[in-house]
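For reference, final_26.txt (compact mmCIF, C-alpha atoms):
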```
# COMPACT_ATOMS: atom_id res chain seq x y z
CA MET L 1 -18.88 2.02 -60.56
CA TYR L 2 -18.19 3.75 -63.89
CA LYS L 3 -18.24 0.43 -65.75
CA ILE L 4 -21.50 -0.60 -64.11
CA LEU L 5 -23.15 2.66 -65.11
CA MET L 6 -21.88 2.24 -68.67
CA ILE L 7 -23.27 -1.29 -68.93
CA VAL L 8 -26.63 -0.26 -67.50
CA SER L 9 -26.80 2.70 -69.88
CA LEU L 10 -25.99 0.50 -72.86
CA ILE L 11 -28.75 -1.93 -71.95
CA PHE L 12 -31.40 0.72 -71.52
CA PHE L 13 -30.51 2.94 -74.44
CA SER L 14 -29.64 0.30 -77.04
CA GLY L 15 -31.68 -2.09 -79.14
CA CYS L 16 -31.55 -4.60 -76.30
CA SER L 17 -34.04 -2.42 -74.48
CA GLU L 18 -36.83 -3.70 -76.75
CA LYS L 19 -36.78 -6.86 -74.67
CA LEU L 20 -37.63 -4.70 -71.69
CA VAL L 21 -41.02 -3.83 -73.18
CA ARG L 22 -42.68 -6.64 -71.32
CA VAL L 23 -46.06 -5.18 -70.39
CA MET L 24 -48.41 -3.55 -72.88
CA PRO L 25 -50.35 -0.43 -71.86
CA TYR L 26 -53.61 -2.39 -71.73
CA GLU L 27 -52.00 -4.85 -69.30
CA LYS L 28 -51.08 -2.25 -66.67
CA GLU L 29 -54.38 -2.08 -64.82
CA TYR L 30 -53.04 -3.89 -61.74
CA PHE L 31 -50.25 -1.37 -61.28
CA ALA L 32 -52.85 1.35 -60.76
CA GLN L 33 -54.10 -0.38 -57.63
CA ASP L 34 -52.96 0.75 -54.19
CA LYS L 35 -51.86 -2.72 -53.16
CA MET L 36 -49.48 -2.88 -56.14
CA SER L 37 -47.46 0.11 -55.01
CA LEU L 38 -44.01 -0.22 -53.45
CA SER L 39 -45.22 2.36 -50.89
CA PRO L 40 -48.95 1.68 -50.53
CA VAL L 41 -49.28 4.12 -47.61
CA ALA L 42 -47.25 7.15 -48.63
CA ASP L 43 -47.39 8.94 -45.28
CA ARG L 44 -46.25 5.81 -43.47
CA ALA L 45 -43.26 5.61 -45.80
CA GLU L 46 -42.34 9.17 -44.88
CA GLN L 47 -42.97 8.68 -41.16
CA GLU L 48 -41.08 5.42 -40.88
CA GLY L 49 -38.28 6.79 -43.02
CA HIS L 50 -37.84 9.42 -40.33
CA VAL L 51 -38.24 6.96 -37.43
CA PHE L 52 -35.75 4.45 -38.79
CA LEU L 53 -33.33 7.24 -39.66
CA ILE L 54 -33.20 8.44 -36.05
CA ARG L 55 -33.38 5.00 -34.41
CA GLU L 56 -30.86 3.16 -36.60
CA ALA L 57 -27.47 4.02 -38.05
CA SER L 58 -28.26 3.21 -41.67
CA ALA L 59 -29.79 5.32 -44.42
CA GLY L 60 -30.43 5.32 -48.13
CA GLY L 61 -31.97 2.85 -50.50
CA GLU L 62 -34.95 5.13 -50.96
CA SER L 63 -35.20 7.46 -53.92
CA ALA L 64 -36.88 10.00 -51.66
CA PHE L 65 -35.59 13.03 -49.82
CA GLN L 66 -35.48 13.08 -45.99
CA GLY L 67 -34.75 16.39 -44.34
CA GLY L 68 -32.27 16.68 -41.53
CA CYS L 69 -33.10 17.22 -37.87
CA GLY L 70 -31.33 17.34 -34.54
CA CYS L 71 -32.77 13.99 -33.57
CA ARG L 72 -30.22 12.28 -35.76
CA MET M 1 -68.15 18.94 -46.68
CA GLN M 2 -68.56 22.63 -45.99
CA ILE M 3 -65.01 22.78 -44.69
CA LYS M 4 -63.76 21.18 -47.89
CA GLN M 5 -65.68 23.69 -50.03
CA MET M 6 -64.33 26.54 -47.96
CA ILE M 7 -60.76 25.30 -48.44
CA MET M 8 -61.35 25.05 -52.19
CA LEU M 9 -62.68 28.61 -52.25
CA ILE M 10 -59.63 29.90 -50.38
CA LEU M 11 -57.35 28.01 -52.76
CA SER M 12 -59.03 29.50 -55.79
CA LEU M 13 -58.34 32.92 -54.34
CA ILE M 14 -54.71 32.11 -53.60
CA PHE M 15 -53.89 30.51 -56.93
CA LEU M 16 -54.91 31.77 -60.33
CA ASP M 17 -56.77 28.99 -62.05
CA VAL M 18 -54.62 28.08 -65.02
CA THR M 19 -56.48 25.96 -67.56
CA SER M 20 -54.83 22.60 -67.82
CA PHE M 21 -54.89 19.90 -70.42
CA ALA M 22 -54.35 16.15 -70.32
CA SER M 23 -51.81 15.33 -67.65
CA ASP M 24 -51.28 12.97 -64.76
CA LEU M 25 -50.61 15.92 -62.49
CA LYS M 26 -53.46 16.70 -60.12
CA ASP M 27 -54.55 19.44 -57.77
CA LYS M 28 -54.35 17.53 -54.52
CA MET M 29 -54.41 18.23 -50.83
CA SER M 30 -53.88 16.14 -47.74
CA PHE M 31 -54.13 16.49 -43.99
CA GLY M 32 -52.63 14.07 -41.54
CA ILE M 33 -51.48 13.35 -38.04
CA ASN M 34 -48.53 11.12 -37.25
CA THR M 35 -47.57 9.95 -33.78
CA TYR M 36 -44.52 8.34 -32.17
CA ASN M 37 -44.32 7.02 -28.61
CA ASP M 38 -41.56 4.94 -27.05
CA ASN M 39 -40.52 3.51 -23.70
CA ALA M 40 -37.72 6.09 -23.40
CA ASP M 41 -40.43 8.68 -22.69
CA VAL M 42 -40.33 10.24 -26.13
CA GLN M 43 -43.70 11.31 -27.48
CA VAL M 44 -44.05 13.11 -30.77
CA TYR M 45 -47.27 14.29 -32.39
CA SER M 46 -46.89 15.52 -35.95
CA PRO M 47 -49.65 17.24 -37.88
CA THR M 48 -48.92 17.21 -41.61
CA PHE M 49 -50.32 19.19 -44.49
CA ALA M 50 -49.59 18.96 -48.21
CA LEU M 51 -50.93 20.98 -51.10
CA TYR M 52 -50.27 20.38 -54.79
CA LYS M 53 -51.47 22.87 -57.39
CA LYS M 54 -51.14 22.54 -61.15
CA LEU M 55 -49.54 25.46 -62.93
CA GLY M 56 -50.43 24.72 -66.53
CA SER M 57 -50.55 21.29 -68.07
CA GLN M 58 -47.04 20.15 -67.16
CA TRP M 59 -46.10 21.96 -63.97
CA LEU M 60 -47.04 21.23 -60.42
CA LEU M 61 -46.29 23.31 -57.35
CA GLY M 62 -46.17 21.49 -54.04
CA VAL M 63 -46.00 22.73 -50.48
CA LYS M 64 -45.69 20.41 -47.48
CA MET M 65 -45.64 21.26 -43.81
CA ARG M 66 -44.80 19.00 -40.91
CA ILE M 67 -44.83 20.07 -37.29
CA ASP M 68 -43.27 17.79 -34.70
CA ALA M 69 -44.64 18.56 -31.25
CA VAL M 70 -42.47 16.77 -28.70
CA THR M 71 -44.54 16.63 -25.57
CA ALA M 72 -42.13 14.93 -23.17
CA ALA M 73 -38.82 13.18 -23.01
CA SER M 74 -36.39 12.31 -20.28
CA ILE M 75 -32.96 11.06 -19.60
CA LYS M 76 -33.14 8.10 -17.32
CA ASN M 77 -29.52 7.21 -16.82
CA GLY M 78 -29.13 9.15 -13.63
CA SER M 79 -27.09 11.84 -15.30
CA ASP M 80 -27.83 15.52 -15.23
CA ALA M 81 -31.58 15.63 -15.84
CA THR M 82 -31.48 19.26 -16.88
CA HIS M 83 -29.75 18.28 -20.08
CA VAL M 84 -31.74 17.94 -23.23
CA ASP M 85 -32.53 14.55 -24.70
CA ALA M 86 -30.05 13.95 -27.47
CA VAL M 87 -32.51 12.05 -29.57
CA THR M 88 -35.48 14.35 -29.59
CA ALA M 89 -33.91 17.60 -28.45
CA ALA M 90 -36.79 17.85 -26.02
CA SER M 91 -36.16 18.99 -22.51
CA SER M 92 -36.09 16.45 -19.75
CA LYS M 93 -39.26 15.38 -18.04
CA GLU M 94 -38.27 17.31 -14.93
CA SER M 95 -38.64 20.63 -16.74
CA ILE M 96 -41.70 19.54 -18.78
CA ALA M 97 -40.94 21.87 -21.64
CA ASP M 98 -42.06 21.09 -25.16
CA ASP M 99 -40.00 21.40 -28.24
CA ILE M 100 -41.67 22.08 -31.56
CA ARG M 101 -40.03 21.46 -34.89
CA TYR M 102 -41.39 23.18 -37.99
CA ALA M 103 -40.40 21.60 -41.28
CA PRO M 104 -41.81 23.14 -44.47
CA THR M 105 -40.88 21.82 -47.92
CA ALA M 106 -41.58 23.48 -51.26
CA MET M 107 -41.19 21.79 -54.61
CA LEU M 108 -41.82 22.38 -58.28
CA THR M 109 -42.37 19.48 -60.68
CA TYR M 110 -42.25 19.33 -64.47
CA ASP M 111 -43.91 16.29 -66.02
CA ASP M 112 -44.45 15.69 -69.74
CA GLY M 113 -45.34 12.02 -69.40
CA ASP M 114 -41.88 10.67 -70.22
CA ASN M 115 -39.76 13.03 -68.14
CA THR M 116 -40.36 14.12 -64.56
CA LEU M 117 -38.12 16.72 -63.00
CA THR M 118 -38.61 17.95 -59.45
CA PHE M 119 -36.78 20.76 -57.65
CA GLY M 120 -37.30 21.41 -53.99
CA ALA M 121 -36.11 23.15 -50.89
CA TYR M 122 -36.48 22.16 -47.26
CA TYR M 123 -36.14 24.12 -44.06
CA SER M 124 -36.62 23.05 -40.47
CA THR M 125 -36.17 24.78 -37.18
CA GLU M 126 -36.22 23.43 -33.64
CA ALA M 127 -34.74 24.40 -30.29
CA ASP M 128 -31.18 23.41 -31.08
CA TYR M 129 -30.99 22.67 -34.78
CA ILE M 130 -31.63 24.36 -38.10
CA GLY M 131 -31.96 22.20 -41.18
CA LYS M 132 -31.66 23.57 -44.70
CA ALA M 133 -31.54 21.52 -47.87
CA VAL M 134 -32.12 21.60 -51.60
CA PHE M 135 -32.96 18.59 -53.71
CA VAL M 136 -33.57 17.67 -57.33
CA ASN M 137 -34.92 14.46 -58.79
CA TYR M 138 -35.21 13.36 -62.42
CA VAL M 139 -37.07 10.30 -63.74
CA LYS M 140 -36.99 9.19 -67.38
CA GLN M 141 -39.58 6.76 -68.69
CA LEU M 142 -38.26 4.30 -71.27
CA ASN M 143 -39.41 1.25 -73.20
CA GLU M 144 -43.03 2.32 -73.52
CA GLN M 145 -43.07 3.15 -69.83
CA ASN M 146 -41.97 -0.31 -68.77
CA THR M 147 -38.73 1.11 -67.44
CA ALA M 148 -38.11 4.18 -65.32
CA VAL M 149 -34.59 5.41 -64.66
CA GLY M 150 -34.15 7.99 -61.93
CA ILE M 151 -31.41 10.09 -60.41
CA GLY M 152 -31.77 12.22 -57.32
CA PHE M 153 -29.47 14.65 -55.56
CA SER M 154 -29.83 16.44 -52.25
CA GLN M 155 -27.53 18.68 -50.27
CA SER M 156 -28.17 19.82 -46.74
CA PHE M 157 -26.51 22.65 -44.81
CA ASP M 158 -27.58 22.03 -41.22
CA LYS M 159 -26.45 23.87 -38.12
CA TRP M 160 -26.31 22.94 -34.43
CA GLU M 161 -27.28 25.49 -31.80
CA PRO M 162 -27.05 23.60 -28.47
CA VAL M 163 -29.54 24.81 -25.89
CA PHE M 164 -26.91 25.12 -23.18
CA ALA M 165 -23.55 26.82 -23.45
CA ARG M 166 -21.21 24.42 -25.12
CA GLU M 167 -18.81 25.37 -27.84
CA LEU M 168 -18.79 22.61 -30.42
CA PRO M 169 -15.66 21.86 -32.42
CA LYS M 170 -17.86 22.45 -35.47
CA ASP M 171 -21.47 23.55 -35.58
CA ASN M 172 -22.34 22.41 -39.10
CA ARG M 173 -23.57 19.13 -40.50
CA ASP M 174 -23.58 18.97 -44.28
CA GLU M 175 -24.93 15.95 -46.06
CA THR M 176 -24.78 14.99 -49.72
CA LYS M 177 -26.97 12.22 -51.08
CA ILE M 178 -27.12 10.87 -54.61
CA ASP M 179 -29.62 8.17 -55.60
CA PHE M 180 -29.80 6.09 -58.75
CA SER M 181 -32.92 4.02 -59.31
CA ILE M 182 -34.30 1.71 -61.96
CA ASN M 183 -37.88 0.44 -62.06
CA GLN M 184 -38.82 -2.35 -64.43
CA LEU M 185 -42.15 -3.98 -65.12
CA ILE M 186 -41.44 -7.71 -65.38
CA THR M 187 -44.95 -9.04 -66.04
CA PRO M 188 -48.45 -7.50 -65.79
CA GLU M 189 -48.42 -8.74 -62.15
CA PHE M 190 -44.83 -8.13 -61.09
CA SER M 191 -42.44 -5.21 -61.02
CA MET M 192 -39.05 -4.58 -59.46
CA GLN M 193 -36.93 -1.63 -58.43
CA ALA M 194 -33.22 -1.32 -57.71
CA VAL M 195 -31.79 1.69 -55.86
CA TYR M 196 -28.24 2.72 -55.08
CA SER M 197 -27.57 5.60 -52.68
CA TYR M 198 -24.30 7.39 -52.06
CA MET M 199 -24.17 9.45 -48.86
CA TYR M 200 -21.47 11.75 -47.55
CA SER M 201 -21.69 13.64 -44.26
CA ALA M 202 -19.28 16.22 -42.87
CA GLY M 203 -19.25 18.36 -39.75
CA PHE M 204 -20.32 17.64 -36.20
CA LEU M 205 -21.87 14.18 -36.57
CA SER M 206 -22.39 13.13 -32.96
CA SER M 207 -24.83 14.43 -30.39
CA PRO M 208 -23.89 17.60 -28.46
CA TYR M 209 -25.50 16.13 -25.32
CA HIS M 210 -24.47 12.49 -24.96
CA PHE M 211 -21.54 12.05 -22.63
CA THR M 212 -19.81 9.41 -20.56
CA LEU M 213 -18.15 9.74 -17.18
CA GLN M 214 -14.55 8.59 -17.27
CA ASP M 215 -12.38 8.97 -14.15
CA ASN M 216 -14.98 11.44 -12.84
CA ILE M 217 -14.56 13.57 -15.95
CA ALA M 218 -17.47 13.99 -18.35
CA LYS M 219 -16.40 13.31 -21.91
CA TYR M 220 -18.83 14.32 -24.60
CA GLU M 221 -19.41 12.06 -27.54
CA ASN M 222 -16.94 12.60 -30.33
CA TYR M 223 -17.20 10.91 -33.71
CA PRO M 224 -15.10 11.25 -36.86
CA ASP M 225 -16.13 14.42 -38.70
CA THR M 226 -16.77 12.75 -42.05
CA ARG M 227 -18.75 9.68 -43.02
CA THR M 228 -19.28 8.02 -46.39
CA GLY M 229 -22.06 5.48 -46.81
CA HIS M 230 -23.45 3.30 -49.58
CA ALA M 231 -26.85 1.60 -49.71
CA PHE M 232 -28.07 -0.95 -52.23
CA ALA M 233 -31.76 -1.84 -52.25
CA LEU M 234 -33.85 -4.28 -54.24
CA LYS M 235 -37.63 -4.09 -54.08
CA GLY M 236 -40.52 -5.83 -55.73
CA VAL M 237 -44.28 -5.99 -55.76
CA SER M 238 -46.28 -8.97 -56.96
CA LEU M 239 -49.96 -9.66 -57.48
CA LEU M 240 -50.69 -12.99 -55.80
CA SER M 241 -54.32 -13.16 -56.82
CA LYS M 242 -57.05 -10.73 -57.77
CA ASP M 243 -57.41 -9.48 -54.20
CA ASN M 244 -53.95 -10.12 -52.77
CA ALA M 245 -50.56 -8.56 -53.35
CA MET M 246 -47.19 -8.64 -51.66
CA ASN M 247 -44.32 -6.20 -51.70
CA PHE M 248 -40.84 -6.92 -50.41
CA SER M 249 -37.52 -5.16 -50.12
CA TYR M 250 -33.97 -5.85 -49.08
CA ARG M 251 -31.30 -3.22 -48.36
CA TYR M 252 -27.61 -3.60 -47.69
CA TYR M 253 -25.82 -0.65 -46.13
CA MET M 254 -22.12 -0.06 -45.47
CA ASP M 255 -20.03 2.93 -44.46
CA ASP M 256 -16.47 3.90 -43.60
CA TRP M 257 -17.23 3.70 -39.86
CA ASP M 258 -17.50 -0.07 -40.50
CA ILE M 259 -21.24 -0.10 -39.86
CA LYS M 260 -22.89 -2.68 -42.06
CA SER M 261 -26.57 -3.50 -42.00
CA HIS M 262 -29.17 -5.73 -43.60
CA THR M 263 -32.83 -4.72 -43.79
CA ALA M 264 -35.62 -6.98 -45.00
CA ASN M 265 -39.23 -5.93 -45.29
CA VAL M 266 -42.25 -7.87 -46.50
CA GLU M 267 -45.85 -6.69 -46.64
CA PHE M 268 -49.01 -8.54 -47.54
CA LEU M 269 -52.05 -6.54 -48.72
CA HIS M 270 -55.58 -7.80 -49.17
CA ASP M 271 -58.61 -6.10 -50.72
CA ILE M 272 -61.22 -6.58 -48.02
CA SER M 273 -63.84 -4.99 -50.26
CA HIS M 274 -63.82 -2.97 -53.47
CA ASN M 275 -62.72 0.14 -51.56
CA ILE M 276 -60.90 -1.12 -48.45
CA THR M 277 -57.41 -2.61 -48.41
CA SER M 278 -55.47 -3.78 -45.38
CA GLY M 279 -52.78 -6.27 -44.49
CA LEU M 280 -49.68 -6.96 -42.46
CA ARG M 281 -46.05 -5.85 -42.71
CA LEU M 282 -42.93 -7.33 -41.11
CA ARG M 283 -39.47 -5.76 -41.03
CA TYR M 284 -36.17 -7.02 -39.71
CA TYR M 285 -33.01 -4.94 -39.32
CA THR M 286 -29.56 -5.86 -38.09
CA GLN M 287 -26.40 -3.77 -37.94
CA THR M 288 -22.78 -4.16 -36.86
CA ALA M 289 -20.97 -1.77 -34.52
CA SER M 290 -18.92 1.21 -35.61
CA ASN M 291 -15.15 0.82 -35.48
CA PHE M 292 -14.73 3.36 -32.66
CA VAL M 293 -17.41 2.36 -30.16
CA LYS M 294 -16.19 0.66 -26.98
CA PRO M 295 -18.06 -1.27 -24.31
CA VAL M 296 -19.82 0.92 -21.77
CA GLY M 297 -17.38 2.04 -19.08
CA SER M 298 -14.21 1.04 -20.94
CA TYR M 299 -13.19 4.37 -22.42
CA THR M 300 -9.98 6.05 -21.30
CA LEU M 301 -9.12 9.73 -21.25
CA ASN M 302 -6.69 9.10 -24.09
CA ASP M 303 -9.37 7.88 -26.47
CA LYS M 304 -9.89 10.06 -29.51
CA TYR M 305 -13.48 9.04 -30.09
CA TYR M 306 -16.28 8.50 -27.57
CA ALA M 307 -19.58 6.89 -28.47
CA ILE M 308 -22.34 5.92 -26.07
CA ASP M 309 -25.26 6.22 -28.48
CA TYR M 310 -26.65 2.71 -29.03
CA ARG M 311 -26.81 3.45 -32.75
CA MET M 312 -23.04 3.11 -32.89
CA SER M 313 -23.26 -0.42 -31.43
CA ALA M 314 -24.47 -3.70 -32.88
CA PHE M 315 -28.17 -4.42 -32.49
CA ASP M 316 -31.22 -5.82 -34.26
CA SER M 317 -34.73 -4.46 -34.57
CA TYR M 318 -38.12 -5.87 -35.47
CA THR M 319 -41.20 -4.08 -36.79
CA ILE M 320 -44.71 -5.36 -37.23
CA GLY M 321 -47.48 -3.19 -38.58
CA ILE M 322 -50.92 -2.92 -40.10
CA PRO M 323 -51.68 -0.63 -43.04
CA PHE M 324 -55.19 0.52 -43.92
CA ILE M 325 -56.50 2.19 -47.09
CA TYR M 326 -60.06 3.38 -47.60
CA ARG M 327 -61.00 4.81 -50.99
CA MET M 328 -64.06 7.03 -50.92
CA LYS M 329 -66.37 8.24 -53.59
CA GLY M 330 -64.98 11.02 -55.73
CA GLY M 331 -61.39 9.84 -55.37
CA ASP M 332 -60.89 10.89 -51.75
CA LYS M 333 -58.67 8.53 -49.80
CA LEU M 334 -58.14 7.81 -46.12
CA THR M 335 -54.97 5.97 -45.17
CA ALA M 336 -53.80 4.83 -41.76
CA SER M 337 -51.10 2.67 -40.29
CA ILE M 338 -49.91 1.43 -36.93
CA ASP M 339 -46.51 -0.15 -36.33
CA TYR M 340 -44.77 -1.63 -33.32
CA TYR M 341 -40.97 -1.39 -33.24
CA LYS M 342 -38.58 -3.16 -30.88
CA THR M 343 -34.82 -3.36 -30.71
CA SER M 344 -32.79 -6.19 -29.24
CA SER M 345 -31.39 -5.80 -25.71
CA ASN M 346 -28.52 -3.35 -25.68
CA ALA M 347 -26.11 -2.21 -22.95
CA TYR M 348 -25.96 1.34 -24.33
CA LEU M 349 -29.76 1.66 -24.16
CA LYS M 350 -29.60 0.43 -20.56
CA ASN M 351 -26.86 2.91 -19.76
CA TRP M 352 -28.52 6.01 -21.22
CA TYR M 353 -32.27 5.33 -21.17
CA ASN M 354 -32.42 2.64 -18.46
CA VAL M 355 -34.35 0.30 -20.72
CA ASP M 356 -33.24 -3.11 -21.95
CA SER M 357 -34.58 -2.52 -25.41
CA LEU M 358 -36.27 0.33 -27.16
CA GLN M 359 -39.94 -0.25 -27.88
CA SER M 360 -42.09 2.19 -29.79
CA VAL M 361 -45.40 2.54 -31.54
CA PHE M 362 -45.78 4.89 -34.49
CA THR M 363 -48.96 5.68 -36.38
CA THR M 364 -50.13 7.67 -39.38
CA LEU M 365 -53.56 8.94 -40.36
CA THR M 366 -54.02 10.89 -43.59
CA TYR M 367 -56.96 12.15 -45.58
CA GLU M 368 -56.26 13.23 -49.15
CA PHE M 369 -58.46 14.51 -51.91
CA ASP M 370 -58.36 16.11 -55.33
CA TYR M 371 -59.82 19.58 -55.67
```
So that I can check it, write out the structure of this file as structure tokens.
Amino acid sequence: MYKILMIVSLIFFSGCSEKLVRVMPYEKEYFAQDKMSLSPVADRAEQEGHVFLIREASAGGESAFQGGCGCR
Amino acid sequence: MQIKQMIMLILSLIFLDVTSFASDLKDKMSFGINTYNDNADVQVYSPTFALYKKLGSQWLLGVKMRIDAVTAASIKNGSDATHVDAVTAASSKESIADDIRYAPTAMLTYDDGDNTLTFGAYYSTEADYIGKAVFVNYVKQLNEQNTAVGIGFSQSFDKWEPVFARELPKDNRDETKIDFSINQLITPEFSMQAVYSYMYSAGFLSSPYHFTLQDNIAKYENYPDTRTGHAFALKGVSLLSKDNAMNFSYRYYMDDWDIKSHTANVEFLHDISHNITSGLRLRYYTQTASNFVKPVGSYTLNDKYYAIDYRMSAFDSYTIGIPFIYRMKGGDKLTASIDYYKTSSNAYLKNWYNVDSLQSVFTTLTYEFDY
């Protein structure tokens, strides 16, 4: 895990990162559209995060906080 | 419209109006209602409210409130119907008593365009459970905002308070979660995100109510008191054409209870008009069983662990849903969704809920606006 984090850090904070500038500011118009969001319906993401958390045994993979409840 | 103006007036009285400068942060408010209904007689209606208020040009204060009103639930396995449903904590149908869960969240965000730091605290209370948590999230924009690297941390300090007299071996459930995420724009029409989550739970991790009868003796569920999980997720969103886009995600989960799962989700979105977007989403989930669950009826009194919750067994689930987004004049937005969820047939569901598979419908409806 430590090595992976080091490699990722080197990529993003070194000169190699220039290759990651792939989209110019004037080319980002599509990413402002609702349909181009990873969570186009924010409340659904929160609701289903809760539903799947209490109906299945898996969690994680979301960079969002889910509060605890007795239903788990 | 008058209601909206009245809310704005009240807000201006509550918060001092701090002059703000150029920033992506917005004064925003939303109202919503979420519902959940399943064939195990669980019905939950959840009004939601969120308020975000700028405090200067780079600070945002947020308050969210969710209320889960559980209107009915029952245990259908022929066991003691006076017990509380382990899943919802609602009383059984025979007693027709509601349970209401209040879950406020407060957060403070700093955003200077390249750095976003959010602190928050969460509290929830219901009939048999108190949830308390703090969380912090940091996102750094790199490479002319083509790359976003994020790290999140949350720690909960929850407590069980069973509604009937039962002394638990432990009454706490503490959970630590650390997330690492990387977003990268690949082309003007395609971006990807990778997320890794580390999760550690300690305390009383089973339900205080689920039990199995073994040799005419009721044995309550008992799980290991620690659990370490890892989740790896890869997500992407792609513009297919001017009016069509698709997002997809895959997650692999594993933990030290030997539960492994795969989750795949794909969603197609279409601009029906310049201000209406809708589409279709499909999700598939499959998991393996925990290393301590046994077939229904095969436990012995010498077993250390007892599990009858179907979530500790192997099963699949399928979800199909429709999202809806309506953008109004002035930036107001109405969003809605409806999803149907079904698990595969499962002996543990049959044993506890007397259903072959769990089937549910969950919906959201939210109206949000800037003020």
Got a sec: who's within 6 Å of Phe211 in chain M, counting only C-alpha atoms, leaving out chain neighbours fewer than 3 positions off, as number ranges by chain? M: 219-221
Do you know which residues are at most 6 Å from range 338-343 of chain M counting only C-alpha atoms, after dropping those on the same chain fewer than 3 positions away, and could you put them as an MDAnalysis selection string? chainID M and resid 316:322 357:363
Could you build a table of the residues in chain L lying no more than 7 Å from chain M, giving for each the nearest pair of atoms and their separation in Å rounded to one decimal place, using all atoms listed in the file, ordered by chain and ascending residue number, as a Markdown table?
```
| residue | atom | partner | partner_atom | distance |
| --- | --- | --- | --- | --- |
| L:Ser17 | CA | M:Asn143 | CA | 6.6 |
| L:Glu18 | CA | M:Asn143 | CA | 6.6 |
| L:Leu20 | CA | M:Asn143 | CA | 6.4 |
| L:Val21 | CA | M:Asn143 | CA | 5.3 |
| L:Arg22 | CA | M:Ile186 | CA | 6.2 |
| L:Val23 | CA | M:Pro188 | CA | 5.7 |
| L:Glu27 | CA | M:Pro188 | CA | 5.7 |
| L:Lys28 | CA | M:Pro188 | CA | 5.9 |
| L:Tyr30 | CA | M:Glu189 | CA | 6.7 |
| L:Lys35 | CA | M:Leu269 | CA | 5.9 |
| L:Met36 | CA | M:Val237 | CA | 6.1 |
| L:Ser37 | CA | M:Val237 | CA | 6.9 |
| L:Leu38 | CA | M:Val237 | CA | 6.2 |
| L:Val41 | CA | M:Thr335 | CA | 6.5 |
| L:Asp43 | CA | M:Thr364 | CA | 6.6 |
| L:Arg44 | CA | M:Thr364 | CA | 5.9 |
| L:Arg55 | CA | M:Arg311 | CA | 7.0 |
| L:Glu56 | CA | M:Arg311 | CA | 5.6 |
| L:Ala57 | CA | M:Arg311 | CA | 5.4 |
| L:Ser58 | CA | M:Tyr253 | CA | 6.4 |
| L:Gly60 | CA | M:Ser197 | CA | 5.4 |
| L:Gly61 | CA | M:Ala233 | CA | 5.0 |
| L:Glu62 | CA | M:Val195 | CA | 6.8 |
| L:Ser63 | CA | M:Asp179 | CA | 5.9 |
| L:Gly67 | CA | M:Tyr122 | CA | 6.7 |
| L:Gly68 | CA | M:Gly131 | CA | 5.5 |
| L:Cys69 | CA | M:Gly131 | CA | 6.1 |
| L:Gly70 | CA | M:Tyr129 | CA | 5.3 |
| L:Cys71 | CA | M:Val87 | CA | 4.5 |
| L:Arg72 | CA | M:Val87 | CA | 6.6 |
```
Go ahead and write the residues just picked, C-alpha atoms, as a PDB file, in the frame of the given file.
```
ATOM      1  CA  SER L  17     -34.040  -2.420 -74.480  1.00  0.00           C
ATOM      2  CA  GLU L  18     -36.830  -3.700 -76.750  1.00  0.00           C
ATOM      3  CA  LEU L  20     -37.630  -4.700 -71.690  1.00  0.00           C
ATOM      4  CA  VAL L  21     -41.020  -3.830 -73.180  1.00  0.00           C
ATOM      5  CA  ARG L  22     -42.680  -6.640 -71.320  1.00  0.00           C
ATOM      6  CA  VAL L  23     -46.060  -5.180 -70.390  1.00  0.00           C
ATOM      7  CA  GLU L  27     -52.000  -4.850 -69.300  1.00  0.00           C
ATOM      8  CA  LYS L  28     -51.080  -2.250 -66.670  1.00  0.00           C
ATOM      9  CA  TYR L  30     -53.040  -3.890 -61.740  1.00  0.00           C
ATOM     10  CA  LYS L  35     -51.860  -2.720 -53.160  1.00  0.00           C
ATOM     11  CA  MET L  36     -49.480  -2.880 -56.140  1.00  0.00           C
ATOM     12  CA  SER L  37     -47.460   0.110 -55.010  1.00  0.00           C
ATOM     13  CA  LEU L  38     -44.010  -0.220 -53.450  1.00  0.00           C
ATOM     14  CA  VAL L  41     -49.280   4.120 -47.610  1.00  0.00           C
ATOM     15  CA  ASP L  43     -47.390   8.940 -45.280  1.00  0.00           C
ATOM     16  CA  ARG L  44     -46.250   5.810 -43.470  1.00  0.00           C
ATOM     17  CA  ARG L  55     -33.380   5.000 -34.410  1.00  0.00           C
ATOM     18  CA  GLU L  56     -30.860   3.160 -36.600  1.00  0.00           C
ATOM     19  CA  ALA L  57     -27.470   4.020 -38.050  1.00  0.00           C
ATOM     20  CA  SER L  58     -28.260   3.210 -41.670  1.00  0.00           C
ATOM     21  CA  GLY L  60     -30.430   5.320 -48.130  1.00  0.00           C
ATOM     22  CA  GLY L  61     -31.970   2.850 -50.500  1.00  0.00           C
ATOM     23  CA  GLU L  62     -34.950   5.130 -50.960  1.00  0.00           C
ATOM     24  CA  SER L  63     -35.200   7.460 -53.920  1.00  0.00           C
ATOM     25  CA  GLY L  67     -34.750  16.390 -44.340  1.00  0.00           C
ATOM     26  CA  GLY L  68     -32.270  16.680 -41.530  1.00  0.00           C
ATOM     27  CA  CYS L  69     -33.100  17.220 -37.870  1.00  0.00           C
ATOM     28  CA  GLY L  70     -31.330  17.340 -34.540  1.00  0.00           C
ATOM     29  CA  CYS L  71     -32.770  13.990 -33.570  1.00  0.00           C
ATOM     30  CA  ARG L  72     -30.220  12.280 -35.760  1.00  0.00           C
TER      31      ARG L  72
END
```
Selected residue of minimal separation from Val42 in chain M among L:Ala45, L:Ala59, L:Val51, L:Met24, counting only C-alpha atoms: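 The closest residue to Val42 in chain M is L:Val51.
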Pick from M:Leu213, M:Asp112, M:Ser30, M:Asn354: nearest to Ala42 in chain L, with only C-alpha atoms counted? M:Ser30
